[in-house]
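**Q** Dropping the structure in here first, questions after.
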Amino acid sequence: MGTSVQVTPLSGAYGEGPLCYLLAVDGFRFLLDCGWTDLCDTSQLQPLAKVAPTVDAVLLSHPDMMHLGALPYAMKHLGLSAPVYATEPVFRLGLLTMYDHFLSRWQVSDFDLFTLDDVDAAFQNVVRLKYSQNYLLNDKGEGIVIAPHVAGHLLGGTVWKITKDGEDVVYAVDFNHRKERHLNGTVLGSFVRPAVLITDAYNALNNQGYRKKQDQDFIDSLIKVLATGGSVLLPVDTAGRVLELLLLLDTYWDERRLQYPIYFLTNVSTSTVDYVKSFLEWMRDQIAKSFESNRANAFLLKKVMLIINKEELEKLGDAPKVVLASMASLEVGFSHDIFVEMANEARNLVLFTEKGQFGTLARMLQVDPPPKAVKVTMSKRIPLVGDELKAYEEEQERIKKEKALKASLVKEEELKASLGSNAKASDPMVIDASSSRKSANAGSHFGGNTDILIDGFVPPSTSVAPMFPFFENTAEWDDFGEVINPDDYMMKQEEMDNTLMLGPGDGLDGKIDDGSARLLLDSTPSKVISNEMTVQVKCSLVYMDFEGRSDGRSVKSVIAHVAPLKLVLVHGSAEATEHLKMHCTKNLDLHVHAPQIEETIDVTSDLCAYKVQLSEKLMSNIISKKLGEHEIAWVDAEVGKEDEKLILLPPSSTPPPHKPVLVGDLKLSDFKQFLENKGWQVEFAGGALRCGEYIMVRKIGDSSQKGSTGSQQIVIEGPLCEDYYKIRELLYSQFYLL
């Protein structure tokens, strides 16, 4: 039987909800993403609440709310305590995303689902990995290897490969095969024949045009509005797709020397860009090479101003401007307030660059035709004054007294318990005389830290314990002074982990911007006031796809190339999921599964894999050859059993001779260089290698195998002459012969 694999969607199946899936590999339970929407509806997390305490590891793929938004809440309220694995950008930018979301909520409501401390606690469990880094799990997950690979879409975005006993389970959602201004395309296409591929059907029905035309249409829409005196609002995420938009706008404004101001407005905008400047090695190859050659950092933005409040915008008044503000859903944050201010002007434009989440204001405005009026709730936090302030202070004083009284009662109970063996049950304040005498006698000796010096007086009858504790200094001394224990001065491992996680200049001030930090540290009592209002939508509403995901045609092509043994489809509308399922079943002849939420499917491989041990007697007769980092050998053996374990033993009789096996992967270009170094005249002709006048060497793959995983043949064509045998001998030298 192969590695046991079960998949259970907890959210984001047959719908476009947040992504969260349970993957069990031989009993080890992975939580694949832990997303939430901007609405923060706890009812969405009910399936997760049932399994959270049993999760063994969490794998995060992207640094946005839809992939990690529920992590702090799950760890605080749902019993999730497993270690979390992510890339460095997902860790850093995900942390800033959660800060921005909390601050946006806290400024307009008494938000209590989680705090910044809860966010910190959740991200302290994150183990950060590099792309292609194989990480071996321990204990319950022994034998399982996880590795993050490039996904595209967002900075640090990850395709996860989970390997057990030679079988791969690949989790690839929201990937992008195209290179972008700041990101490389996904490497998913390099995976071949995994046992299970879990991917999404989000864009299965969408096809994209050329990127250059799309970019030009985007810029033209902005310039047209700005030229007529209007302003543009782009509702964006905190630290995800907004990075691509910032580069696009900054580059175009700089090339055309445009003077219209561009603002990037979130609670953590300056921190976001500061962190991104240090993530060049995670970006497109050209960005890293440009920095190496001339120290040009792509995110040293020349035309984009980073702000953390609306004061700068208010100074401009109605002057034309472009504002990129969070949140993309328009539910909370600066984008919500700016939309209300701009919606009444027909010359203004609200340009959506991603599909809004279901149930949000952004999704409501993206319908065709858009609504002419919408109801919104405007809220703000104001300080308490007058009677409200007085009542608040009295309530805080009452709570403080109650806590003090409770603490004193707890302390008294602990004291009673500690004196229970010496005090009378009827009156714990009276000390037993015999106990007092024993204590007095014991106190006259200095026998260690527990001795009490009471010599010279009798304890009063009302005391509850002897007074004046005395501790003898038992420190050792040598010729250099007092002997110390180095362990007392070493930093604890958890303190080191926290220090490394935060980095220099972190802490509250390092993670969020100064203005947001002052807002949080302000202890002035405050309250939130709200009022509902109807907004007349007179401004233009436009949607352009800048989500950075592969379109339907590309998704189908990638799946066909990867050719998994079993395919699991998640995260997509019912129509898109059924469309992709039908396509893969009919055209690609794959085993396709599309489970519903909380439906567990078994995608265990049909292959049979067994663990066997090599006996010492067999190993002593094996002659191995070095091949790179490994050693290879041909083994003839018989399978036996020893202590209920399978073991390979030497054959009982002489095995028949086997055909020679050539091990290696020959590239014709490398072989051409090798022959030229040997003095041969070599050239490529019609996909084959012409050696001398008569000999042709060509490489033939088995096209019947999907993904080019079949056997390959190297054919030597030509007359049986001296050159033929020389070329064949040189060709054999490129392989290991077993």
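Ordering of the structure tokens sets the chain letters (A, B, ...); residue numbers start at 1 within each chain; ligands are numbered from 1 in the order shown.
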Env of Gly687 (chain A): 10 Å cut, atoms = only C-alpha atoms, seq-sep filter 5 positions within chain, self excluded. Answer as number ranges by chain.

**A** A: 668, 697-699

**Q** Skipping near chain neighbours, those fewer than 5 positions away, what residues fall within 8 Å of region 44-57 of chain A using only C-alpha atoms, listed as a PDB file with C-alpha atoms, in the first residue's frame?

**A**
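What ended up in result31.pdb:
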ATOM      1  CA  LEU A  10     -12.529  23.253   5.756  1.00  0.00           C
ATOM      2  CA  SER A  11     -13.256  26.327   3.644  1.00  0.00           C
ATOM      3  CA  PHE A  28       0.255  13.417  10.190  1.00  0.00           C
ATOM      4  CA  ARG A  29      -2.230  16.291   9.822  1.00  0.00           C
ATOM      5  CA  PHE A  30      -1.245  19.393   7.857  1.00  0.00           C
ATOM      6  CA  LEU A  31      -3.378  22.535   7.825  1.00  0.00           C
ATOM      7  CA  TRP A  36     -10.440  34.435   6.624  1.00  0.00           C
ATOM      8  CA  ALA A  74      -7.431  30.043  15.699  1.00  0.00           C
ATOM      9  CA  LEU A  78      -9.694  27.299  18.681  1.00  0.00           C
ATOM     10  CA  GLY A  79      -6.779  25.444  20.279  1.00  0.00           C
ATOM     11  CA  LEU A  80      -4.458  25.545  17.275  1.00  0.00           C
ATOM     12  CA  SER A  81      -0.922  25.145  18.636  1.00  0.00           C
ATOM     13  CA  ALA A  82       1.003  23.473  15.816  1.00  0.00           C
ATOM     14  CA  PRO A  83       4.231  24.924  14.382  1.00  0.00           C
ATOM     15  CA  VAL A  84       3.751  27.107  11.296  1.00  0.00           C
ATOM     16  CA  TYR A  85       5.953  26.944   8.186  1.00  0.00           C
ATOM     17  CA  GLU A 598     -15.899  18.895   5.374  1.00  0.00           C
TER      18      GLU A 598
END

**Q** Find the distance between CA of Thr266 (chain A) and CA of Asp100 (chain A) and write it in Å to one decimal.

**A** 6.9 Å

**Q** Figure out the distance between CA of Val555 (chain A) and CA of His579 (chain A), please, to one decimal in Å.

**A**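 Computed distance, CA of His579 (chain A) to CA of Val555 (chain A), equals 12.2 Å.
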
**Q** May I have the residues within 8 Å of region 691-693 of chain A as an MDAnalysis selection string, using only C-alpha atoms and disregarding those fewer than 5 positions away in the same chain?

**A** chainID A and resid 680:683 723 727

**Q** Report, in Å to a single decimal, how far apart CA of Leu384 (chain A) and CA of Ser109 (chain A) are.

**A**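 Between CA of Ser109 (chain A) and CA of Leu384 (chain A) the gap works out to 14.8 Å.
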
**Q** How would you write, as a ChimeraX atom specification, the set of residues in region 62-187 of chain A that DSSP gives as strand (DSSP E or B)?

**A** /A:84-87,126-129,135-136,144-150,158-164,167-172

**Q** Just to be explicit: take each residue in the selection above, keep N, CA, C and O atoms, and write the result as a CSV table (one decimal), in the first residue's frame.

**A**
chain,number,residue,atom,x,y,z
A,84,VAL,N,4.2,26.5,12.6
A,84,VAL,CA,3.8,27.1,11.3
A,84,VAL,C,5.0,27.2,10.4
A,84,VAL,O,6.0,27.7,10.9
A,85,TYR,N,4.8,26.9,9.1
A,85,TYR,CA,6.0,26.9,8.2
A,85,TYR,C,5.6,27.9,7.0
A,85,TYR,O,4.5,27.9,6.5
A,86,ALA,N,6.5,28.8,6.7
A,86,ALA,CA,6.3,29.8,5.7
A,86,ALA,C,7.7,30.3,5.2
A,86,ALA,O,8.7,30.1,5.9
A,87,THR,N,7.7,31.0,4.1
A,87,THR,CA,8.9,31.7,3.6
A,87,THR,C,9.0,33.0,4.4
A,87,THR,O,8.1,33.5,5.1
A,126,VAL,N,6.2,30.6,13.8
A,126,VAL,CA,6.6,30.4,12.4
A,126,VAL,C,8.0,30.0,12.2
A,126,VAL,O,8.9,30.6,12.7
A,127,VAL,N,8.2,28.9,11.5
A,127,VAL,CA,9.5,28.4,11.0
A,127,VAL,C,9.7,28.9,9.6
A,127,VAL,O,8.9,28.5,8.7
A,128,ARG,N,10.7,29.7,9.4
A,128,ARG,CA,10.9,30.3,8.0
A,128,ARG,C,11.9,29.5,7.2
A,128,ARG,O,13.0,29.1,7.6
A,129,LEU,N,11.4,29.2,6.0
A,129,LEU,CA,12.2,28.3,5.1
A,129,LEU,C,12.5,29.1,3.8
A,129,LEU,O,11.8,30.0,3.4
A,135,TYR,N,13.0,20.4,4.3
A,135,TYR,CA,12.9,20.4,5.8
A,135,TYR,C,12.3,19.1,6.3
A,135,TYR,O,11.2,18.7,6.0
A,136,LEU,N,13.1,18.4,7.1
A,136,LEU,CA,12.7,17.0,7.6
A,136,LEU,C,11.9,17.2,8.9
A,136,LEU,O,12.5,17.8,9.8
A,144,ILE,N,8.8,12.5,6.8
A,144,ILE,CA,8.1,13.5,5.9
A,144,ILE,C,9.0,14.7,5.6
A,144,ILE,O,9.5,15.2,6.6
A,145,VAL,N,9.1,15.0,4.4
A,145,VAL,CA,9.9,16.2,4.0
A,145,VAL,C,9.0,17.2,3.3
A,145,VAL,O,8.3,16.9,2.4
A,146,ILE,N,9.1,18.5,3.8
A,146,ILE,CA,8.4,19.6,3.2
A,146,ILE,C,9.4,20.5,2.5
A,146,ILE,O,10.5,20.7,3.0
A,147,ALA,N,8.9,21.1,1.4
A,147,ALA,CA,9.8,22.1,0.7
A,147,ALA,C,9.0,23.1,0.0
A,147,ALA,O,8.0,22.8,-0.7
A,148,PRO,N,9.3,24.4,0.2
A,148,PRO,CA,8.5,25.5,-0.5
A,148,PRO,C,9.2,25.8,-1.8
A,148,PRO,O,10.4,25.7,-2.0
A,149,HIS,N,8.4,26.1,-2.8
A,149,HIS,CA,8.9,26.4,-4.1
A,149,HIS,C,8.1,27.6,-4.7
A,149,HIS,O,7.0,28.0,-4.1
A,150,VAL,N,8.7,28.3,-5.7
A,150,VAL,CA,8.1,29.5,-6.2
A,150,VAL,C,6.7,29.3,-6.7
A,150,VAL,O,6.5,28.4,-7.6
A,158,THR,N,4.1,30.5,-2.3
A,158,THR,CA,4.7,29.2,-2.2
A,158,THR,C,3.8,28.1,-2.7
A,158,THR,O,2.6,28.0,-2.5
A,159,VAL,N,4.5,27.2,-3.5
A,159,VAL,CA,3.9,25.9,-3.9
A,159,VAL,C,4.6,24.9,-2.9
A,159,VAL,O,5.8,24.8,-2.9
A,160,TRP,N,3.8,24.2,-2.1
A,160,TRP,CA,4.4,23.3,-1.1
A,160,TRP,C,4.5,21.9,-1.7
A,160,TRP,O,3.5,21.3,-2.3
A,161,LYS,N,5.6,21.3,-1.5
A,161,LYS,CA,5.8,19.8,-1.9
A,161,LYS,C,6.1,19.0,-0.6
A,161,LYS,O,7.0,19.3,0.1
A,162,ILE,N,5.2,18.0,-0.4
A,162,ILE,CA,5.3,17.2,0.8
A,162,ILE,C,5.6,15.8,0.3
A,162,ILE,O,4.9,15.2,-0.5
A,163,THR,N,6.8,15.3,0.8
A,163,THR,CA,7.3,14.0,0.3
A,163,THR,C,7.3,13.0,1.4
A,163,THR,O,7.8,13.3,2.5
A,164,LYS,N,6.8,11.8,1.1
A,164,LYS,CA,6.9,10.7,2.1
A,164,LYS,C,7.1,9.4,1.3
A,164,LYS,O,6.3,9.1,0.4
A,167,GLU,N,6.9,9.5,-2.5
A,167,GLU,CA,5.7,10.0,-3.2
A,167,GLU,C,5.5,11.4,-2.8
A,167,GLU,O,5.6,11.8,-1.6
A,168,ASP,N,5.1,12.2,-3.8
A,168,ASP,CA,5.0,13.7,-3.6
A,168,ASP,C,3.5,14.1,-3.6
A,168,ASP,O,2.7,13.6,-4.4
A,169,VAL,N,3.2,14.9,-2.6
A,169,VAL,CA,1.9,15.6,-2.6
A,169,VAL,C,2.2,17.1,-2.8
A,169,VAL,O,2.9,17.7,-2.0
A,170,VAL,N,1.6,17.7,-3.8
A,170,VAL,CA,1.9,19.1,-4.2
A,170,VAL,C,0.7,19.9,-3.9
A,170,VAL,O,-0.4,19.6,-4.4
A,171,TYR,N,0.9,21.0,-3.1
A,171,TYR,CA,-0.2,21.9,-2.8
A,171,TYR,C,0.1,23.2,-3.6
A,171,TYR,O,1.0,24.0,-3.2
A,172,ALA,N,-0.7,23.5,-4.6
A,172,ALA,CA,-0.3,24.7,-5.5
A,172,ALA,C,-1.6,25.4,-5.8
A,172,ALA,O,-2.4,25.1,-6.7

**Q** Pick from A:Thr474, A:Asn309, A:Asn125, A:Gln208: nearest to Ser326 (chain A), with only C-alpha atoms counted?

**A**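 Looking only at the distances to Ser326 (chain A), the closest residue turns out to be A:Asn309.
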